[in-house]
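Engineer: Dropping in coords_13.txt, with compact mmCIF, C-alpha atoms.
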```txt
# COMPACT_ATOMS: atom_id res chain seq x y z
CA MET A 1 30.33 2.65 51.11
CA LYS A 2 31.36 6.16 50.13
CA ASN A 3 33.68 4.81 47.40
CA ASN A 4 30.86 2.75 45.92
CA CYS A 5 28.64 5.86 45.65
CA ASN A 6 31.42 7.82 43.92
CA VAL A 7 32.00 5.02 41.44
CA LEU A 8 28.26 4.84 40.64
CA ALA A 9 28.01 8.61 40.26
CA ARG A 10 31.00 8.74 37.88
CA PHE A 11 29.62 5.79 35.89
CA GLY A 12 26.24 7.54 35.58
CA ARG A 13 27.83 10.77 34.30
CA ARG A 14 29.96 8.91 31.77
CA SER A 15 26.97 6.92 30.53
CA SER A 16 24.82 9.99 30.10
CA ARG A 17 27.62 11.71 28.15
CA LYS A 18 27.89 8.70 25.88
CA VAL A 19 24.13 8.65 25.33
CA TRP A 20 24.08 12.37 24.44
CA ALA A 21 27.05 11.94 22.11
CA LEU A 22 25.27 9.07 20.40
CA VAL A 23 22.07 11.12 20.04
CA PHE A 24 23.98 13.99 18.42
CA LEU A 25 25.69 11.60 16.01
CA ILE A 26 22.51 9.78 14.99
CA CYS A 27 20.08 12.72 14.72
CA PRO A 28 21.53 14.15 11.49
CA VAL A 29 21.13 10.77 9.82
CA PHE A 30 17.41 10.69 10.62
CA LEU A 31 16.86 14.32 9.74
CA SER A 32 18.72 14.38 6.43
CA GLY A 33 17.09 11.40 4.65
CA CYS A 34 17.18 10.75 0.93
CA GLY A 35 14.66 12.86 -0.94
CA VAL A 36 11.16 13.73 0.12
CA TYR A 37 9.58 11.64 2.85
CA SER A 38 6.28 11.72 4.65
CA PHE A 39 5.03 9.75 7.59
CA THR A 40 2.45 8.02 5.38
CA GLY A 41 5.24 6.34 3.44
CA THR A 42 4.81 8.31 0.22
CA ASN A 43 7.77 9.34 -1.85
CA LEU A 44 6.17 12.13 -3.87
CA SER A 45 7.85 15.29 -5.05
CA PRO A 46 6.63 18.44 -3.25
CA ASP A 47 5.59 19.99 -6.59
CA ILE A 48 2.88 17.31 -7.00
CA LYS A 49 -0.34 18.81 -5.68
CA THR A 50 -3.23 16.96 -7.35
CA PHE A 51 -4.30 13.49 -8.44
CA SER A 52 -7.03 12.08 -10.65
CA VAL A 53 -8.48 8.60 -10.66
CA LEU A 54 -10.38 8.08 -13.89
CA ASN A 55 -13.28 5.64 -13.86
CA PHE A 56 -12.07 2.07 -14.11
CA THR A 57 -13.83 -0.18 -16.60
CA MET A 58 -14.80 -3.84 -16.73
CA GLY A 59 -12.67 -5.60 -19.30
CA THR A 60 -13.64 -9.17 -18.46
CA ALA A 61 -16.73 -11.31 -18.14
CA GLY A 62 -17.90 -12.15 -14.67
CA GLY A 63 -17.75 -10.23 -11.46
CA PRO A 64 -20.19 -7.74 -10.02
CA SER A 65 -21.06 -4.85 -12.32
CA ASP A 66 -20.14 -2.29 -9.65
CA LEU A 67 -16.59 -3.65 -9.15
CA PRO A 68 -14.86 -1.06 -11.40
CA GLN A 69 -16.67 1.81 -9.66
CA ARG A 70 -15.77 0.45 -6.22
CA VAL A 71 -12.10 0.13 -7.18
CA THR A 72 -12.18 3.71 -8.51
CA GLU A 73 -13.72 5.06 -5.30
CA ASP A 74 -11.43 2.98 -3.07
CA LEU A 75 -8.37 4.39 -4.85
CA LYS A 76 -9.62 7.97 -4.49
CA GLU A 77 -10.33 7.49 -0.79
CA TYR A 78 -6.96 5.81 -0.17
CA PHE A 79 -5.04 8.65 -1.83
CA GLN A 80 -7.05 11.24 0.10
CA ARG A 81 -6.43 9.48 3.42
CA ASN A 82 -2.73 8.85 2.86
CA THR A 83 -1.50 11.93 1.00
CA SER A 84 -2.08 15.66 1.10
CA LEU A 85 -2.93 15.68 -2.61
CA VAL A 86 -6.17 17.21 -3.84
CA SER A 87 -8.48 15.04 -5.93
CA GLN A 88 -9.72 16.43 -9.22
CA PRO A 89 -11.87 14.84 -11.94
CA GLY A 90 -9.13 14.83 -14.60
CA GLY A 91 -5.77 16.32 -15.48
CA GLY A 92 -4.15 15.84 -12.08
CA ASP A 93 -0.40 15.80 -11.56
CA LEU A 94 -0.86 12.06 -11.01
CA VAL A 95 -3.42 10.16 -13.08
CA LEU A 96 -4.56 6.59 -12.47
CA GLU A 97 -6.79 4.76 -14.90
CA GLY A 98 -7.45 1.15 -15.57
CA SER A 99 -9.59 -1.86 -16.16
CA ILE A 100 -10.60 -5.04 -14.38
CA THR A 101 -8.98 -7.62 -16.67
CA GLY A 102 -9.45 -10.80 -14.69
CA TYR A 103 -12.15 -12.25 -12.45
CA ASP A 104 -11.58 -15.97 -12.14
CA VAL A 105 -12.28 -18.81 -9.77
CA THR A 106 -9.61 -21.51 -9.79
CA PRO A 107 -9.09 -24.63 -7.68
CA ALA A 108 -6.52 -24.32 -4.90
CA ALA A 109 -5.14 -26.65 -2.24
CA PRO A 110 -5.58 -30.03 -3.94
CA THR A 111 -6.57 -32.97 -1.77
CA ALA A 112 -5.57 -36.63 -1.97
CA ASN A 113 -8.51 -37.55 -4.24
CA ASP A 114 -7.65 -34.86 -6.86
CA GLN A 115 -10.34 -32.45 -5.75
CA ALA A 116 -9.80 -28.90 -4.67
CA GLY A 117 -9.85 -28.36 -0.94
CA LEU A 118 -10.33 -24.66 -1.58
CA ASN A 119 -11.39 -22.45 -4.43
CA ARG A 120 -9.57 -19.20 -5.16
CA LEU A 121 -11.11 -15.98 -6.42
CA ASN A 122 -8.47 -14.03 -8.41
CA VAL A 123 -9.06 -10.42 -9.41
CA THR A 124 -6.65 -8.69 -11.79
CA VAL A 125 -6.53 -4.96 -12.49
CA GLN A 126 -4.54 -3.37 -15.30
CA VAL A 127 -3.44 0.13 -14.23
CA ARG A 128 -1.91 2.94 -16.23
CA TYR A 129 -0.21 5.54 -14.03
CA THR A 130 0.91 8.89 -15.39
CA ASN A 131 3.07 11.29 -13.40
CA ALA A 132 2.94 14.67 -15.16
CA LYS A 133 5.96 15.94 -13.20
CA ASP A 134 8.27 12.95 -13.78
CA GLU A 135 7.63 10.70 -16.78
CA THR A 136 10.20 8.16 -15.57
CA LYS A 137 7.70 7.14 -12.87
CA ASN A 138 4.94 6.25 -15.37
CA PHE A 139 3.86 2.62 -15.64
CA ASP A 140 1.28 0.35 -17.20
CA GLN A 141 1.10 -2.71 -14.96
CA SER A 142 -1.14 -5.54 -13.90
CA PHE A 143 -1.97 -6.13 -10.21
CA THR A 144 -3.56 -9.33 -8.90
CA TYR A 145 -4.88 -10.38 -5.55
CA TYR A 146 -6.88 -13.40 -4.44
CA ALA A 147 -8.85 -14.86 -1.58
CA ASP A 148 -9.75 -18.49 -0.92
CA PHE A 149 -13.09 -19.99 0.03
CA PRO A 150 -14.24 -23.55 0.88
CA GLN A 151 -14.69 -25.96 -2.00
CA ASP A 152 -18.16 -26.95 -0.83
CA GLN A 153 -19.45 -23.35 -1.07
CA THR A 154 -20.32 -21.27 -4.11
CA LEU A 155 -18.79 -17.99 -5.20
CA ASN A 156 -22.16 -16.30 -4.61
CA GLN A 157 -22.01 -17.38 -0.96
CA ASN A 158 -18.54 -15.83 -0.50
CA GLU A 159 -18.23 -12.96 -2.97
CA ALA A 160 -19.54 -10.22 -0.65
CA ARG A 161 -17.13 -11.34 2.07
CA LEU A 162 -14.05 -11.75 -0.16
CA LEU A 163 -14.22 -8.72 -2.45
CA PRO A 164 -13.61 -5.98 0.16
CA THR A 165 -10.34 -7.68 1.20
CA ILE A 166 -9.30 -8.20 -2.42
CA ARG A 167 -10.08 -4.57 -3.33
CA GLU A 168 -8.24 -3.28 -0.26
CA ASN A 169 -5.11 -5.24 -1.14
CA LEU A 170 -5.23 -4.24 -4.81
CA VAL A 171 -5.54 -0.58 -3.83
CA GLN A 172 -2.56 -0.89 -1.45
CA GLN A 173 -0.46 -2.51 -4.20
CA ILE A 174 -1.37 0.25 -6.65
CA PHE A 175 -0.70 2.98 -4.08
CA ASN A 176 2.64 1.47 -3.11
CA LYS A 177 3.75 1.28 -6.73
CA SER A 178 2.58 4.79 -7.64
CA ALA A 179 2.90 7.02 -4.57
CA ALA A 180 5.32 5.10 -2.36
CA ASP A 181 7.49 4.02 -5.33
CA TRP A 182 7.97 0.47 -3.96
```
How does this structure look as structure tokens?

Structural biologist:
Amino acid sequence: MKNNCNVLARFGRRSSRKVWALVFLICPVFLSGCGVYSFTGTNLSPDIKTFSVLNFTMGTAGGPSDLPQRVTEDLKEYFQRNTSLVSQPGGGDLVLEGSITGYDVTPAAPTANDQAGLNRLNVTVQVRYTNAKDETKNFDQSFTYYADFPQDQTLNQNEARLLPTIRENLVQQIFNKSAADW
């Protein structure tokens, strides 16, 4: 019995030494990282302090008239929640501006009798992003997101339910491209 206890004690000491050695080897990898990192997932240079989201416009027919303003406000709020940047009306280190360029309902999920089983609301936003500190990060890109609704219902019946999800996903795509550099 005594031999078994000694074997277990020696095994425990060896294991703890191995664990500590592993911790000391791995810690520098996590601490060094590549570039600037924050726990919100942004990859912004520390010299970037401010951002501006200029009022989006409606560049297409259809859709609620307040959609551009809601996208503008959603973007501002998302940047404020997920970065330490300060919002300013114009001339920020990062500037986002854009236009709603698509608001379309298309058939989706065809059925056996050539009718749509679902309808799809597509919203497209054209965004111009300017990074005053690093012009290589600038882009002018289109972002699209959609949500489906039953074929036997109208867009008016579903629009208020679908648009918050569409806006949220568009804002995440724009944020990921601009601040997270994905």

Engineer: Pick the closest to Asp66 in chain A from A:Ile100, A:Val171, A:Ile48, A:Ala108: which is it, counting all atoms listed in the file?

Structural biologist: A:Ile100

Engineer: Hey, could you make a per-residue contact list for range 99-147 of chain A against range 70-92 of chain A with 12 Å as the cut-off, showing the nearest pair of atoms and its distance in Å to one decimal, counting all atoms listed in the file, sorted by chain and number, as JSON lines?

Structural biologist:
```
{"residue": "A:Ser99", "atom": "CA", "partner": "A:Val71", "partner_atom": "CA", "distance": 9.5}
{"residue": "A:Ile100", "atom": "CA", "partner": "A:Val71", "partner_atom": "CA", "distance": 9.0}
{"residue": "A:Val123", "atom": "CA", "partner": "A:Val71", "partner_atom": "CA", "distance": 11.2}
{"residue": "A:Thr124", "atom": "CA", "partner": "A:Val71", "partner_atom": "CA", "distance": 11.3}
{"residue": "A:Val125", "atom": "CA", "partner": "A:Val71", "partner_atom": "CA", "distance": 9.2}
{"residue": "A:Gln126", "atom": "CA", "partner": "A:Val71", "partner_atom": "CA", "distance": 11.6}
{"residue": "A:Val127", "atom": "CA", "partner": "A:Thr72", "partner_atom": "CA", "distance": 11.0}
{"residue": "A:Tyr129", "atom": "CA", "partner": "A:Gly92", "partner_atom": "CA", "distance": 11.2}
{"residue": "A:Thr130", "atom": "CA", "partner": "A:Gly92", "partner_atom": "CA", "distance": 9.2}
{"residue": "A:Asn131", "atom": "CA", "partner": "A:Gly92", "partner_atom": "CA", "distance": 8.6}
{"residue": "A:Ala132", "atom": "CA", "partner": "A:Gly92", "partner_atom": "CA", "distance": 7.8}
{"residue": "A:Lys133", "atom": "CA", "partner": "A:Gly92", "partner_atom": "CA", "distance": 10.2}
```

Engineer: Which residues, written as a JSON list (two decimals) with C-alpha atoms, in the frame of the given file, have at least one atom at most 7 Å from Leu170 in chain A, with all atoms listed in the file counted and residues fewer than 3 positions away on the same chain left out?

Structural biologist:
```json
[["chain", "number", "residue", "atom", "x", "y", "z"],
["A", 143, "PHE", "CA", -1.97, -6.13, -10.21],
["A", 144, "THR", "CA", -3.56, -9.33, -8.90],
["A", 145, "TYR", "CA", -4.88, -10.38, -5.55],
["A", 166, "ILE", "CA", -9.30, -8.20, -2.42],
["A", 167, "ARG", "CA", -10.08, -4.57, -3.33],
["A", 173, "GLN", "CA", -0.46, -2.51, -4.20],
["A", 174, "ILE", "CA", -1.37, 0.25, -6.65]]
```

Engineer: Find, counting only C-alpha atoms, the residue in A:Tyr146, A:Val95, A:Lys177, A:Gly102 that gets nearest to Thr57 in chain A.

Structural biologist: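 When distances to Thr57 in chain A are compared using only C-alpha atoms, the smallest one comes from A:Gly102.
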
Engineer: Taking every listed atom of range 74-81 of chain A and adding 8 Å to each side, what centre and edge lengths in Å (one decimal) does the axis-aligned box have, as JSON?

Structural biologist:
```
{"center_x": -8.2, "center_y": 7.1, "center_z": -0.7, "size_x": 22.4, "size_y": 24.3, "size_z": 24.3}
```

Engineer: Please report the interatomic distance between CA of Thr60 in chain A and CA of Ala160 in chain A in Å with one decimal.

Structural biologist: 18.8 Å

Engineer: Given the block above, output range 137-174 of chain A with N, CA, C and O atoms as a PDB file, in the first residue's frame.

Structural biologist:
```pdb
ATOM      1  N   LYS A 137      -7.226  50.342 -46.255  1.00  0.00           N
ATOM      2  CA  LYS A 137      -8.404  49.696 -45.665  1.00  0.00           C
ATOM      3  C   LYS A 137      -9.714  50.214 -46.264  1.00  0.00           C
ATOM      4  O   LYS A 137     -10.776  49.667 -45.994  1.00  0.00           O
ATOM      5  N   ASN A 138      -9.653  51.279 -47.053  1.00  0.00           N
ATOM      6  CA  ASN A 138     -10.864  51.864 -47.634  1.00  0.00           C
ATOM      7  C   ASN A 138     -11.558  50.870 -48.562  1.00  0.00           C
ATOM      8  O   ASN A 138     -10.906  50.051 -49.206  1.00  0.00           O
ATOM      9  N   PHE A 139     -12.889  50.957 -48.619  1.00  0.00           N
ATOM     10  CA  PHE A 139     -13.633  50.128 -49.564  1.00  0.00           C
ATOM     11  C   PHE A 139     -14.942  50.796 -49.947  1.00  0.00           C
ATOM     12  O   PHE A 139     -15.434  51.684 -49.250  1.00  0.00           O
ATOM     13  N   ASP A 140     -15.466  50.386 -51.066  1.00  0.00           N
ATOM     14  CA  ASP A 140     -16.794  50.762 -51.537  1.00  0.00           C
ATOM     15  C   ASP A 140     -17.437  49.448 -51.951  1.00  0.00           C
ATOM     16  O   ASP A 140     -17.088  48.886 -52.984  1.00  0.00           O
ATOM     17  N   GLN A 141     -18.344  48.938 -51.122  1.00  0.00           N
ATOM     18  CA  GLN A 141     -18.832  47.568 -51.290  1.00  0.00           C
ATOM     19  C   GLN A 141     -20.316  47.475 -51.019  1.00  0.00           C
ATOM     20  O   GLN A 141     -20.872  48.217 -50.219  1.00  0.00           O
ATOM     21  N   SER A 142     -20.925  46.503 -51.643  1.00  0.00           N
ATOM     22  CA  SER A 142     -22.334  46.213 -51.468  1.00  0.00           C
ATOM     23  C   SER A 142     -22.505  45.078 -50.452  1.00  0.00           C
ATOM     24  O   SER A 142     -21.757  44.105 -50.478  1.00  0.00           O
ATOM     25  N   PHE A 143     -23.489  45.224 -49.571  1.00  0.00           N
ATOM     26  CA  PHE A 143     -23.821  44.193 -48.579  1.00  0.00           C
ATOM     27  C   PHE A 143     -25.303  43.856 -48.734  1.00  0.00           C
ATOM     28  O   PHE A 143     -26.135  44.755 -48.855  1.00  0.00           O
ATOM     29  N   THR A 144     -25.617  42.561 -48.722  1.00  0.00           N
ATOM     30  CA  THR A 144     -27.003  42.119 -48.880  1.00  0.00           C
ATOM     31  C   THR A 144     -27.354  41.120 -47.792  1.00  0.00           C
ATOM     32  O   THR A 144     -26.530  40.283 -47.421  1.00  0.00           O
ATOM     33  N   TYR A 145     -28.574  41.229 -47.322  1.00  0.00           N
ATOM     34  CA  TYR A 145     -29.104  40.222 -46.418  1.00  0.00           C
ATOM     35  C   TYR A 145     -30.582  40.044 -46.738  1.00  0.00           C
ATOM     36  O   TYR A 145     -31.213  40.931 -47.299  1.00  0.00           O
ATOM     37  N   TYR A 146     -31.115  38.888 -46.378  1.00  0.00           N
ATOM     38  CA  TYR A 146     -32.505  38.595 -46.710  1.00  0.00           C
ATOM     39  C   TYR A 146     -33.182  37.852 -45.575  1.00  0.00           C
ATOM     40  O   TYR A 146     -32.536  37.318 -44.669  1.00  0.00           O
ATOM     41  N   ALA A 147     -34.488  37.819 -45.652  1.00  0.00           N
ATOM     42  CA  ALA A 147     -35.298  37.010 -44.738  1.00  0.00           C
ATOM     43  C   ALA A 147     -36.504  36.516 -45.535  1.00  0.00           C
ATOM     44  O   ALA A 147     -37.010  37.207 -46.416  1.00  0.00           O
ATOM     45  N   ASP A 148     -36.926  35.307 -45.228  1.00  0.00           N
ATOM     46  CA  ASP A 148     -38.039  34.672 -45.941  1.00  0.00           C
ATOM     47  C   ASP A 148     -39.340  34.807 -45.150  1.00  0.00           C
ATOM     48  O   ASP A 148     -39.335  34.878 -43.918  1.00  0.00           O
ATOM     49  N   PHE A 149     -40.437  34.811 -45.908  1.00  0.00           N
ATOM     50  CA  PHE A 149     -41.758  34.812 -45.283  1.00  0.00           C
ATOM     51  C   PHE A 149     -42.693  33.958 -46.124  1.00  0.00           C
ATOM     52  O   PHE A 149     -42.435  33.712 -47.312  1.00  0.00           O
ATOM     53  N   PRO A 150     -43.793  33.454 -45.536  1.00  0.00           N
ATOM     54  CA  PRO A 150     -44.695  32.538 -46.243  1.00  0.00           C
ATOM     55  C   PRO A 150     -45.289  33.162 -47.502  1.00  0.00           C
ATOM     56  O   PRO A 150     -45.617  34.347 -47.544  1.00  0.00           O
ATOM     57  N   GLN A 151     -45.447  32.331 -48.502  1.00  0.00           N
ATOM     58  CA  GLN A 151     -45.958  32.748 -49.806  1.00  0.00           C
ATOM     59  C   GLN A 151     -47.386  33.274 -49.708  1.00  0.00           C
ATOM     60  O   GLN A 151     -47.781  34.154 -50.453  1.00  0.00           O
ATOM     61  N   ASP A 152     -48.151  32.760 -48.762  1.00  0.00           N
ATOM     62  CA  ASP A 152     -49.553  33.169 -48.664  1.00  0.00           C
ATOM     63  C   ASP A 152     -49.749  34.435 -47.818  1.00  0.00           C
ATOM     64  O   ASP A 152     -50.870  34.808 -47.520  1.00  0.00           O
ATOM     65  N   GLN A 153     -48.648  35.101 -47.447  1.00  0.00           N
ATOM     66  CA  GLN A 153     -48.731  36.347 -46.691  1.00  0.00           C
ATOM     67  C   GLN A 153     -48.107  37.478 -47.495  1.00  0.00           C
ATOM     68  O   GLN A 153     -47.243  37.257 -48.342  1.00  0.00           O
ATOM     69  N   THR A 154     -48.520  38.695 -47.190  1.00  0.00           N
ATOM     70  CA  THR A 154     -47.991  39.855 -47.912  1.00  0.00           C
ATOM     71  C   THR A 154     -46.743  40.400 -47.214  1.00  0.00           C
ATOM     72  O   THR A 154     -46.489  40.106 -46.038  1.00  0.00           O
ATOM     73  N   LEU A 155     -46.018  41.219 -47.951  1.00  0.00           N
ATOM     74  CA  LEU A 155     -44.844  41.879 -47.372  1.00  0.00           C
ATOM     75  C   LEU A 155     -45.273  42.779 -46.215  1.00  0.00           C
ATOM     76  O   LEU A 155     -44.608  42.805 -45.172  1.00  0.00           O
ATOM     77  N   ASN A 156     -46.390  43.480 -46.375  1.00  0.00           N
ATOM     78  CA  ASN A 156     -46.878  44.361 -45.302  1.00  0.00           C
ATOM     79  C   ASN A 156     -47.118  43.607 -44.002  1.00  0.00           C
ATOM     80  O   ASN A 156     -46.917  44.152 -42.921  1.00  0.00           O
ATOM     81  N   GLN A 157     -47.545  42.351 -44.099  1.00  0.00           N
ATOM     82  CA  GLN A 157     -47.788  41.547 -42.906  1.00  0.00           C
ATOM     83  C   GLN A 157     -46.482  41.146 -42.222  1.00  0.00           C
ATOM     84  O   GLN A 157     -46.490  40.824 -41.038  1.00  0.00           O
ATOM     85  N   ASN A 158     -45.377  41.137 -42.935  1.00  0.00           N
ATOM     86  CA  ASN A 158     -44.118  40.599 -42.408  1.00  0.00           C
ATOM     87  C   ASN A 158     -42.992  41.617 -42.266  1.00  0.00           C
ATOM     88  O   ASN A 158     -42.018  41.360 -41.579  1.00  0.00           O
ATOM     89  N   GLU A 159     -43.123  42.748 -42.914  1.00  0.00           N
ATOM     90  CA  GLU A 159     -42.038  43.729 -42.975  1.00  0.00           C
ATOM     91  C   GLU A 159     -41.532  44.149 -41.588  1.00  0.00           C
ATOM     92  O   GLU A 159     -40.319  44.165 -41.339  1.00  0.00           O
ATOM     93  N   ALA A 160     -42.420  44.473 -40.682  1.00  0.00           N
ATOM     94  CA  ALA A 160     -42.016  44.927 -39.345  1.00  0.00           C
ATOM     95  C   ALA A 160     -41.275  43.833 -38.569  1.00  0.00           C
ATOM     96  O   ALA A 160     -40.417  44.125 -37.738  1.00  0.00           O
ATOM     97  N   ARG A 161     -41.583  42.593 -38.862  1.00  0.00           N
ATOM     98  CA  ARG A 161     -40.917  41.470 -38.191  1.00  0.00           C
ATOM     99  C   ARG A 161     -39.571  41.154 -38.823  1.00  0.00           C
ATOM    100  O   ARG A 161     -38.614  40.795 -38.135  1.00  0.00           O
ATOM    101  N   LEU A 162     -39.458  41.290 -40.143  1.00  0.00           N
ATOM    102  CA  LEU A 162     -38.249  40.890 -40.864  1.00  0.00           C
ATOM    103  C   LEU A 162     -37.142  41.952 -40.848  1.00  0.00           C
ATOM    104  O   LEU A 162     -35.954  41.620 -40.775  1.00  0.00           O
ATOM    105  N   LEU A 163     -37.518  43.219 -40.936  1.00  0.00           N
ATOM    106  CA  LEU A 163     -36.515  44.269 -41.098  1.00  0.00           C
ATOM    107  C   LEU A 163     -35.527  44.398 -39.939  1.00  0.00           C
ATOM    108  O   LEU A 163     -34.339  44.626 -40.185  1.00  0.00           O
ATOM    109  N   PRO A 164     -35.934  44.260 -38.678  1.00  0.00           N
ATOM    110  CA  PRO A 164     -34.914  44.348 -37.621  1.00  0.00           C
ATOM    111  C   PRO A 164     -33.806  43.293 -37.766  1.00  0.00           C
ATOM    112  O   PRO A 164     -32.626  43.595 -37.575  1.00  0.00           O
ATOM    113  N   THR A 165     -34.170  42.074 -38.136  1.00  0.00           N
ATOM    114  CA  THR A 165     -33.174  41.014 -38.330  1.00  0.00           C
ATOM    115  C   THR A 165     -32.282  41.320 -39.529  1.00  0.00           C
ATOM    116  O   THR A 165     -31.062  41.137 -39.469  1.00  0.00           O
ATOM    117  N   ILE A 166     -32.873  41.801 -40.602  1.00  0.00           N
ATOM    118  CA  ILE A 166     -32.097  42.147 -41.800  1.00  0.00           C
ATOM    119  C   ILE A 166     -31.125  43.283 -41.476  1.00  0.00           C
ATOM    120  O   ILE A 166     -29.938  43.209 -41.808  1.00  0.00           O
ATOM    121  N   ARG A 167     -31.617  44.330 -40.814  1.00  0.00           N
ATOM    122  CA  ARG A 167     -30.744  45.464 -40.454  1.00  0.00           C
ATOM    123  C   ARG A 167     -29.619  45.010 -39.543  1.00  0.00           C
ATOM    124  O   ARG A 167     -28.448  45.385 -39.735  1.00  0.00           O
ATOM    125  N   GLU A 168     -29.932  44.192 -38.563  1.00  0.00           N
ATOM    126  CA  GLU A 168     -28.915  43.704 -37.618  1.00  0.00           C
ATOM    127  C   GLU A 168     -27.813  42.946 -38.349  1.00  0.00           C
ATOM    128  O   GLU A 168     -26.624  43.150 -38.088  1.00  0.00           O
ATOM    129  N   ASN A 169     -28.180  42.098 -39.273  1.00  0.00           N
ATOM    130  CA  ASN A 169     -27.185  41.322 -40.012  1.00  0.00           C
ATOM    131  C   ASN A 169     -26.382  42.192 -40.976  1.00  0.00           C
ATOM    132  O   ASN A 169     -25.181  41.980 -41.148  1.00  0.00           O
ATOM    133  N   LEU A 170     -27.017  43.158 -41.606  1.00  0.00           N
ATOM    134  CA  LEU A 170     -26.289  44.084 -42.476  1.00  0.00           C
ATOM    135  C   LEU A 170     -25.260  44.884 -41.675  1.00  0.00           C
ATOM    136  O   LEU A 170     -24.113  45.041 -42.089  1.00  0.00           O
ATOM    137  N   VAL A 171     -25.674  45.363 -40.518  1.00  0.00           N
ATOM    138  CA  VAL A 171     -24.769  46.138 -39.661  1.00  0.00           C
ATOM    139  C   VAL A 171     -23.585  45.272 -39.220  1.00  0.00           C
ATOM    140  O   VAL A 171     -22.436  45.725 -39.227  1.00  0.00           O
ATOM    141  N   GLN A 172     -23.834  44.027 -38.857  1.00  0.00           N
ATOM    142  CA  GLN A 172     -22.734  43.128 -38.471  1.00  0.00           C
ATOM    143  C   GLN A 172     -21.775  42.893 -39.632  1.00  0.00           C
ATOM    144  O   GLN A 172     -20.558  42.881 -39.443  1.00  0.00           O
ATOM    145  N   GLN A 173     -22.299  42.706 -40.840  1.00  0.00           N
ATOM    146  CA  GLN A 173     -21.445  42.524 -42.013  1.00  0.00           C
ATOM    147  C   GLN A 173     -20.570  43.757 -42.249  1.00  0.00           C
ATOM    148  O   GLN A 173     -19.368  43.647 -42.506  1.00  0.00           O
ATOM    149  N   ILE A 174     -21.180  44.928 -42.167  1.00  0.00           N
ATOM    150  CA  ILE A 174     -20.453  46.182 -42.380  1.00  0.00           C
ATOM    151  C   ILE A 174     -19.392  46.375 -41.298  1.00  0.00           C
ATOM    152  O   ILE A 174     -18.244  46.728 -41.588  1.00  0.00           O
TER     153      ILE A 174
END
```
